[in-house]
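Colleague: This is the structure I have questions about; it appears just below.
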Amino acid sequence: MARKSAYVVSAGFTKVAEHWDSSILDLAVEAGTKALRAVPKISPQQVFVGNMFSSAGANQEHIGALVVSALGLEGVPAFKVESACSSGASAFNIAYSMVSSGAIDSALVLGVEKMRDLEPEAVSQALSMAESAEYTQFVGATFAALNGLLARHYMERMDVSRDELSALPVIDHANAVAADHAQFRRAITPEVVARSGMVADPLRLFDCAPVGDGAAAVVLTSESGASNAKKAKMARVLGGKVSTARFNMYEREDMLDFTATRAAFREAMRQAGLPPQKVSFVELHDAFSVMGALSLEAMGFSKKGMGSKDAKAGKYGLRSDLPVNTFGGLKARGHPVGATGVYQVAEAYLQLTDQAGGNQVAEAEYGVTHSVGGVDTTSAVHVFGRAE
Amino acid sequence: MHVMKSNQAAAFRGYGAYVPYYRLPTTEIARIWKGGGSGPNTEKAVASMDEDTVTMAIEASRYAMKMAGADSLGAVFVGTESKPYAVKPTSTIVAQALGQHHTLAADLEFACKAGTEAIQVITGLVGSGMIQTGLAIGMDTAQGRPGDDLEYTAASGGAAFVIGKNDEKAIAKIDCSTSFVSDTGDFWRRSHERYPRHLSRFTGEPAYFFHIEKSVRTLFEETGHKPSDFHYAVFHQPNPRFPVEVAARLGFTMDQIRVGLLNPMIGNTYAGSSPIGLAAVFDEAKPGDKILLASFGSGAGSDAFCIEVLDGIERTRGVNPTVRSMLDHGSKIDYSTYSKYRGKFH
Amino acid sequence: MAIQYWRIRDRYYRLVGSRCSKCKAEFFPPVYRCRKCGSAEVKDAEMPKTGRILTYTVLHEPMAGFEAQAPFPLALVRLENGATVLTQIVDSPEESIQTGAKVRATIRRVRVDGDSGQIIYGYKFVVVG
């Protein structure tokens, strides 16, 4: 299918934080309004809302229609898109598919999550719905527990040390220091990670993305739609693919092989016509340090077993050859789950329009966003480039 | 004639015990409540937070079914005073776990005697030809009121027995049994109360000794048996002393009761008490040995049995873990851990 | 949610998974299509009750309903027939819970709906030897 061009022409997002004073709708409207206000001549033809658990977190379903009405866009079709923690990216992917196929000229993609109104055990419960109700949730395995199993398996099989595993969280925190919208902006050391409270042995607090609220929105247009955003800065979408893997992580041939990420990355890069060496930065889904490492391996940026080791050796820092999580990633910018995929698109947009301030990757040409639901059960990868 | 003998003989064809992993030394209880010392027993077996009469009954039953090679049960009876549900039968959950549906399932309550009652009822069903094979279980997670003397001994555990045809595969024949009851309240629990209550000195002569001596002497009189006919005697064991005392009164020696006397190590498993003593005896008994089994419950009754071990017992060795191995495989906990575990079930 | 668990109680009580009628591969949890050969001819089959720990973790931050047990061990157990089960490990000293340790299935209270709701029973595993 011959794809038409698609452009991200604006981005708007809230800070990621425990927003005690904002409801799920407040957050969505804040982000959506910011994104729309930057391109006043564009009226989105469809709205996609990425969100994982509006029902558990806010007793709310039908949030596509809810958001559309609050934004004064009644009449515009709107859908909630859910694929666990990759909901935002999946929402973006559907919008991209519709714009690049010519079905529509413009879309508003919004990701929002309200997690903090729930007590910790209830947040755990809600997140665990990404996994089997009858065989995973049932035995009391939280999503963190699954990653704890994965982390021990990784460390034992690939001889990865505690310090090596800590490298990605350290990079995340370093990058968030200059990021205004990040939830945690304090640099840390590997000792801080190793001494933090145990969550699911061997994963500690600083191996795990925090709980936070937030919303991010981008406006996506076709070439003709972009003509209505003449003054706006733009980034081009070069490719995008969502792939899935066997649902239960432990039923796979090799748990350390993130096949969904591998397949999504390969196809998105093929659409973009881009060799991996040309990638300038990666917004990586490191909900847990081990997931980040294995995702880098699946995308081929590190050899098998080397994801954390390469991070420790300095391969993925902001001033390295391949910066990862330029605004702090899931660990430090934060992870309001359904919204994260759209935060990543917004961050890639900032990089490729030279609006990244203190986090700017020098001469950024091409960026990859990577968002995952479950333990690489759904993987959504998009490739972006400059508009000129 | 008060002794019950079935028209066709019924026999044990399999047995299995269950003792939970955790042990509370009675010195721990005494440390908290008495400032030192210990209880009459050394340790008691404590069910974990995620165990109850259902889970333990299923474990013991699986052992018994495996030994018996049974695949179909006509009846499943669970005798217990610690049913997880006041209304919803424990026996149906056990039956489901064993894949049994065309079965008569019921729960029996008679404090510490309910397990042996289950044996009597199943014996009747088998002996009358109404069913081929049945499962009788005595199991409890006994509740001891904190600080009460019974807390030393109230323990968790029990045993399950597959009872069926008396053929060459049978382990031990159920020769006969008798039951003696009265309205005597030495131990009781009102419906919505969490812990039972009991009297003190009254639990001895008018309760334990009176009823056990009645049922056993009735059995002796009507069958012509005397103590020396039996290789083993197993009595209900609320503490280490009472069974030794009643054995002596009835003319039994320490050697006869030693193997089945488990209270010092695991406490009183209530409806599981004499049943698990019987299982311990089965682990060692030889063909031809006779066993006298006498239970007691709630002040108010005692069942006495004459059991004869058969050749089939030899093929049971090594099939399942022995009671002794379960006693040895234990982990000591302290009073606070025990309180946490005990707080979680009712 | 008692009904959601009731309908699969045999899977919980007896570890009933699937066996492919074509290639004989066995799976737990049950599957709709064979994961080896893709056949839709799969039937219920009871899994063996022994296996080895493939990997494990100790969960310190439980979800709602499991607070009293925390911290507690969870493991992936590879059963003798090759099926892998995600389960809690109970009654086992810390040092015994290792990758490669031999385990056997037992039945326990897995979830309890407060003081008045139903008790859901299911499989947990114990380290043996």
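Letters for chains follow the order of the structure tokens (A, B, ...), residue numbers begin at 1 for each chain, and ligand numbers begin at 1 in the order shown.
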Compile a residue-level contact table for chain C against chain B at a cut-off of 6 Å, reporting for every qualifying residue the shortest atom pair and its distance in Å to one decimal, with only C-alpha atoms counted, rows ordered by chain and ascending number, as a Markdown table.
Modeller:
| residue | atom | partner | partner_atom | distance |
| --- | --- | --- | --- | --- |
| C:Tyr13 | CA | B:Ala97 | CA | 5.4 |
| C:Ile107 | CA | B:Thr55 | CA | 5.7 |
| C:Arg108 | CA | B:Thr55 | CA | 5.5 |
| C:Arg109 | CA | B:Asp50 | CA | 4.8 |
Colleague: Write a file of the selected residues as an mmCIF file, in the first residue's frame, keeping C-alpha atoms.
Modeller:
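Final output, out_13.cif:
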data_model
loop_
_atom_site.group_PDB
_atom_site.id
_atom_site.type_symbol
_atom_site.label_atom_id
_atom_site.label_comp_id
_atom_site.auth_asym_id
_atom_site.auth_seq_id
_atom_site.Cartn_x
_atom_site.Cartn_y
_atom_site.Cartn_z
ATOM 1 C CA TYR C 13 -7.663 -28.079 42.052
ATOM 2 C CA ILE C 107 -3.576 -27.253 47.182
ATOM 3 C CA ARG C 108 -4.096 -24.100 49.222
ATOM 4 C CA ARG C 109 -6.416 -21.162 49.787
#
Colleague: Could you list the residues in chain C lying within 6 Å of chain A, using only C-alpha atoms, and format the result as a ChimeraX atom specification?
Modeller: /C:55-61,63-64
Colleague: Quick one: residues within 12 Å of Ala348 (chain A), only C-alpha atoms counted, chain neighbours fewer than 3 positions away excluded, as a ChimeraX atom specification?
Modeller: /A:8-11,218,234-237,279-284,323-327,329,341-345,351-356,359-361,364-370,382-386
Colleague: Please produce an output containing N, CA and C atoms for each residue in the selection, written as a compact mmCIF listing (two decimals), in the first residue's frame.
Modeller:
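New file out-v8.txt:
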# COMPACT_ATOMS: atom_id res chain seq x y z
N VAL A 8 3.52 15.02 12.43
CA VAL A 8 3.14 15.47 13.77
C VAL A 8 3.37 16.97 13.75
N VAL A 9 2.30 17.76 13.92
CA VAL A 9 2.41 19.21 13.77
C VAL A 9 2.32 19.97 15.09
N SER A 10 1.98 19.30 16.15
CA SER A 10 2.01 19.95 17.46
C SER A 10 1.97 18.90 18.56
N ALA A 11 2.36 19.36 19.74
CA ALA A 11 2.32 18.47 20.91
C ALA A 11 1.95 19.28 22.13
N VAL A 218 -0.93 14.85 20.65
CA VAL A 218 -0.27 15.32 19.43
C VAL A 218 -1.34 15.44 18.35
N MET A 234 7.16 20.92 12.42
CA MET A 234 6.64 19.59 12.11
C MET A 234 7.72 18.52 12.12
N ALA A 235 7.27 17.33 12.47
CA ALA A 235 8.14 16.16 12.30
C ALA A 235 7.38 15.17 11.46
N ARG A 236 8.10 14.37 10.70
CA ARG A 236 7.45 13.43 9.80
C ARG A 236 7.43 12.02 10.40
N VAL A 237 6.31 11.36 10.19
CA VAL A 237 6.23 9.97 10.61
C VAL A 237 6.69 9.13 9.43
N VAL A 279 19.72 5.86 13.35
CA VAL A 279 18.83 6.32 14.41
C VAL A 279 19.58 7.27 15.34
N SER A 280 18.98 8.43 15.58
CA SER A 280 19.64 9.43 16.43
C SER A 280 19.31 9.27 17.91
N PHE A 281 18.12 8.75 18.21
CA PHE A 281 17.73 8.55 19.61
C PHE A 281 16.58 7.56 19.66
N VAL A 282 16.41 6.96 20.82
CA VAL A 282 15.32 6.00 21.03
C VAL A 282 14.56 6.36 22.31
N GLU A 283 13.26 6.55 22.18
CA GLU A 283 12.43 6.67 23.39
C GLU A 283 11.97 5.25 23.71
N LEU A 284 12.56 4.69 24.74
CA LEU A 284 12.50 3.27 25.04
C LEU A 284 11.53 2.96 26.18
N PRO A 323 21.58 8.14 22.11
CA PRO A 323 20.89 8.50 23.35
C PRO A 323 19.55 7.79 23.48
N VAL A 324 19.28 7.40 24.70
CA VAL A 324 18.05 6.68 24.98
C VAL A 324 17.28 7.48 26.03
N ASN A 325 15.95 7.55 25.88
CA ASN A 325 15.10 8.23 26.87
C ASN A 325 15.59 9.63 27.19
N THR A 326 15.57 10.45 26.16
CA THR A 326 16.19 11.77 26.24
C THR A 326 15.58 12.72 27.26
N PHE A 327 14.38 12.47 27.71
CA PHE A 327 13.76 13.31 28.74
C PHE A 327 13.57 12.54 30.06
N GLY A 329 12.69 9.01 30.14
CA GLY A 329 12.06 7.71 29.96
C GLY A 329 11.01 7.39 31.00
N GLY A 341 2.88 6.29 25.66
CA GLY A 341 3.17 6.18 24.23
C GLY A 341 3.06 7.51 23.51
N VAL A 342 2.16 8.38 23.96
CA VAL A 342 2.00 9.69 23.33
C VAL A 342 3.05 10.66 23.85
N TYR A 343 3.42 10.53 25.13
CA TYR A 343 4.54 11.34 25.63
C TYR A 343 5.79 11.09 24.77
N GLN A 344 6.01 9.82 24.44
CA GLN A 344 7.19 9.47 23.64
C GLN A 344 7.13 10.15 22.27
N VAL A 345 5.96 10.15 21.64
CA VAL A 345 5.81 10.81 20.34
C VAL A 345 6.07 12.30 20.49
N GLN A 351 12.44 16.76 19.86
CA GLN A 351 13.83 16.54 19.42
C GLN A 351 14.00 16.91 17.95
N LEU A 352 13.03 16.48 17.12
CA LEU A 352 13.19 16.64 15.68
C LEU A 352 12.75 18.01 15.19
N THR A 353 12.28 18.87 16.11
CA THR A 353 11.96 20.26 15.75
C THR A 353 12.84 21.20 16.57
N ASP A 354 13.93 20.66 17.14
CA ASP A 354 14.90 21.45 17.90
C ASP A 354 14.28 22.23 19.05
N GLN A 355 13.28 21.61 19.70
CA GLN A 355 12.63 22.28 20.82
C GLN A 355 12.93 21.57 22.15
N ALA A 356 13.99 20.76 22.17
CA ALA A 356 14.24 19.94 23.35
C ALA A 356 15.07 20.63 24.44
N ASN A 359 17.75 19.16 26.83
CA ASN A 359 17.78 17.73 26.51
C ASN A 359 18.02 17.47 25.02
N GLN A 360 18.33 18.54 24.29
CA GLN A 360 18.44 18.41 22.84
C GLN A 360 19.56 17.46 22.43
N VAL A 361 19.21 16.50 21.59
CA VAL A 361 20.21 15.62 20.99
C VAL A 361 20.78 16.37 19.80
N ALA A 364 19.89 15.83 15.72
CA ALA A 364 18.95 14.70 15.69
C ALA A 364 18.26 14.65 14.33
N GLU A 365 18.38 13.51 13.66
CA GLU A 365 17.78 13.35 12.33
C GLU A 365 16.60 12.39 12.35
N TYR A 366 16.81 11.26 13.02
CA TYR A 366 15.77 10.23 13.05
C TYR A 366 15.59 9.72 14.47
N GLY A 367 14.32 9.53 14.85
CA GLY A 367 14.05 9.02 16.20
C GLY A 367 13.11 7.84 16.16
N VAL A 368 13.28 6.98 17.15
CA VAL A 368 12.42 5.79 17.28
C VAL A 368 11.68 5.88 18.61
N THR A 369 10.38 5.63 18.58
CA THR A 369 9.65 5.50 19.84
C THR A 369 9.23 4.04 19.97
N HIS A 370 9.30 3.54 21.20
CA HIS A 370 9.04 2.12 21.46
C HIS A 370 8.18 2.01 22.70
N HIS A 382 7.46 3.29 16.35
CA HIS A 382 7.29 4.30 15.30
C HIS A 382 8.62 4.96 15.01
N VAL A 383 8.78 5.36 13.78
CA VAL A 383 10.01 6.01 13.35
C VAL A 383 9.67 7.40 12.85
N PHE A 384 10.45 8.38 13.26
CA PHE A 384 10.19 9.79 12.91
C PHE A 384 11.43 10.40 12.27
N GLY A 385 11.17 11.41 11.45
CA GLY A 385 12.29 12.14 10.86
C GLY A 385 11.92 13.61 10.77
N ARG A 386 12.83 14.41 10.28
CA ARG A 386 12.53 15.84 10.14
C ARG A 386 11.58 16.06 8.98
Colleague: I'd like to know which of B:Asp283, B:Ser302, B:Ala105, B:Thr203 is closest to Phe242 (chain B), using only C-alpha atoms.
Modeller: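 Looking only at the distances to Phe242 (chain B), the closest residue turns out to be B:Thr203.
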Colleague: Identify, on the basis of only C-alpha atoms, every residue whose closest approach to Arg194 (chain B) does not exceed 12 Å; exclude the query and any residue fewer than 5 positions from it along the same chain; express the result as a VMD selection string.
Modeller: chain B and resid 81 to 82 86 142 to 146 188 to 189 342 to 343 345 to 346
Colleague: Restricting the output to N, CA and C atoms, write the selected residues as a compact mmCIF listing (two decimals), in the first residue's frame.
Modeller:
# COMPACT_ATOMS: atom_id res chain seq x y z
N GLU B 81 -14.41 -30.01 63.20
CA GLU B 81 -15.10 -28.94 63.90
C GLU B 81 -14.56 -27.59 63.43
N SER B 82 -13.75 -27.62 62.38
CA SER B 82 -13.23 -26.35 61.85
C SER B 82 -13.51 -26.28 60.36
N ALA B 86 -19.52 -22.43 57.63
CA ALA B 86 -20.54 -23.00 58.49
C ALA B 86 -21.61 -23.66 57.62
N ALA B 142 -7.58 -26.79 64.71
CA ALA B 142 -8.24 -26.49 65.97
C ALA B 142 -7.96 -25.08 66.46
N GLN B 143 -8.98 -24.43 66.96
CA GLN B 143 -8.85 -23.07 67.44
C GLN B 143 -8.65 -23.06 68.94
N GLY B 144 -7.57 -22.47 69.37
CA GLY B 144 -7.34 -22.35 70.81
C GLY B 144 -7.48 -20.90 71.20
N ARG B 145 -8.26 -20.61 72.22
CA ARG B 145 -8.40 -19.23 72.69
C ARG B 145 -7.04 -18.76 73.22
N PRO B 146 -6.56 -17.58 72.76
CA PRO B 146 -5.24 -17.12 73.20
C PRO B 146 -5.16 -17.02 74.72
N TRP B 188 -17.44 -26.94 74.20
CA TRP B 188 -18.50 -26.55 73.28
C TRP B 188 -18.16 -25.22 72.63
N ARG B 189 -18.85 -24.91 71.53
CA ARG B 189 -18.73 -23.59 70.91
C ARG B 189 -20.09 -23.18 70.39
N ARG B 342 -2.76 -17.58 62.71
CA ARG B 342 -4.04 -17.92 63.34
C ARG B 342 -5.07 -16.84 63.09
N GLY B 343 -4.62 -15.61 62.96
CA GLY B 343 -5.55 -14.51 62.76
C GLY B 343 -6.26 -14.56 61.43
N PHE B 345 -7.63 -17.20 59.78
CA PHE B 345 -8.78 -18.04 59.49
C PHE B 345 -9.68 -18.21 60.71
N HIS B 346 -10.85 -18.72 60.45
CA HIS B 346 -11.87 -18.70 61.48
C HIS B 346 -12.30 -20.09 61.87
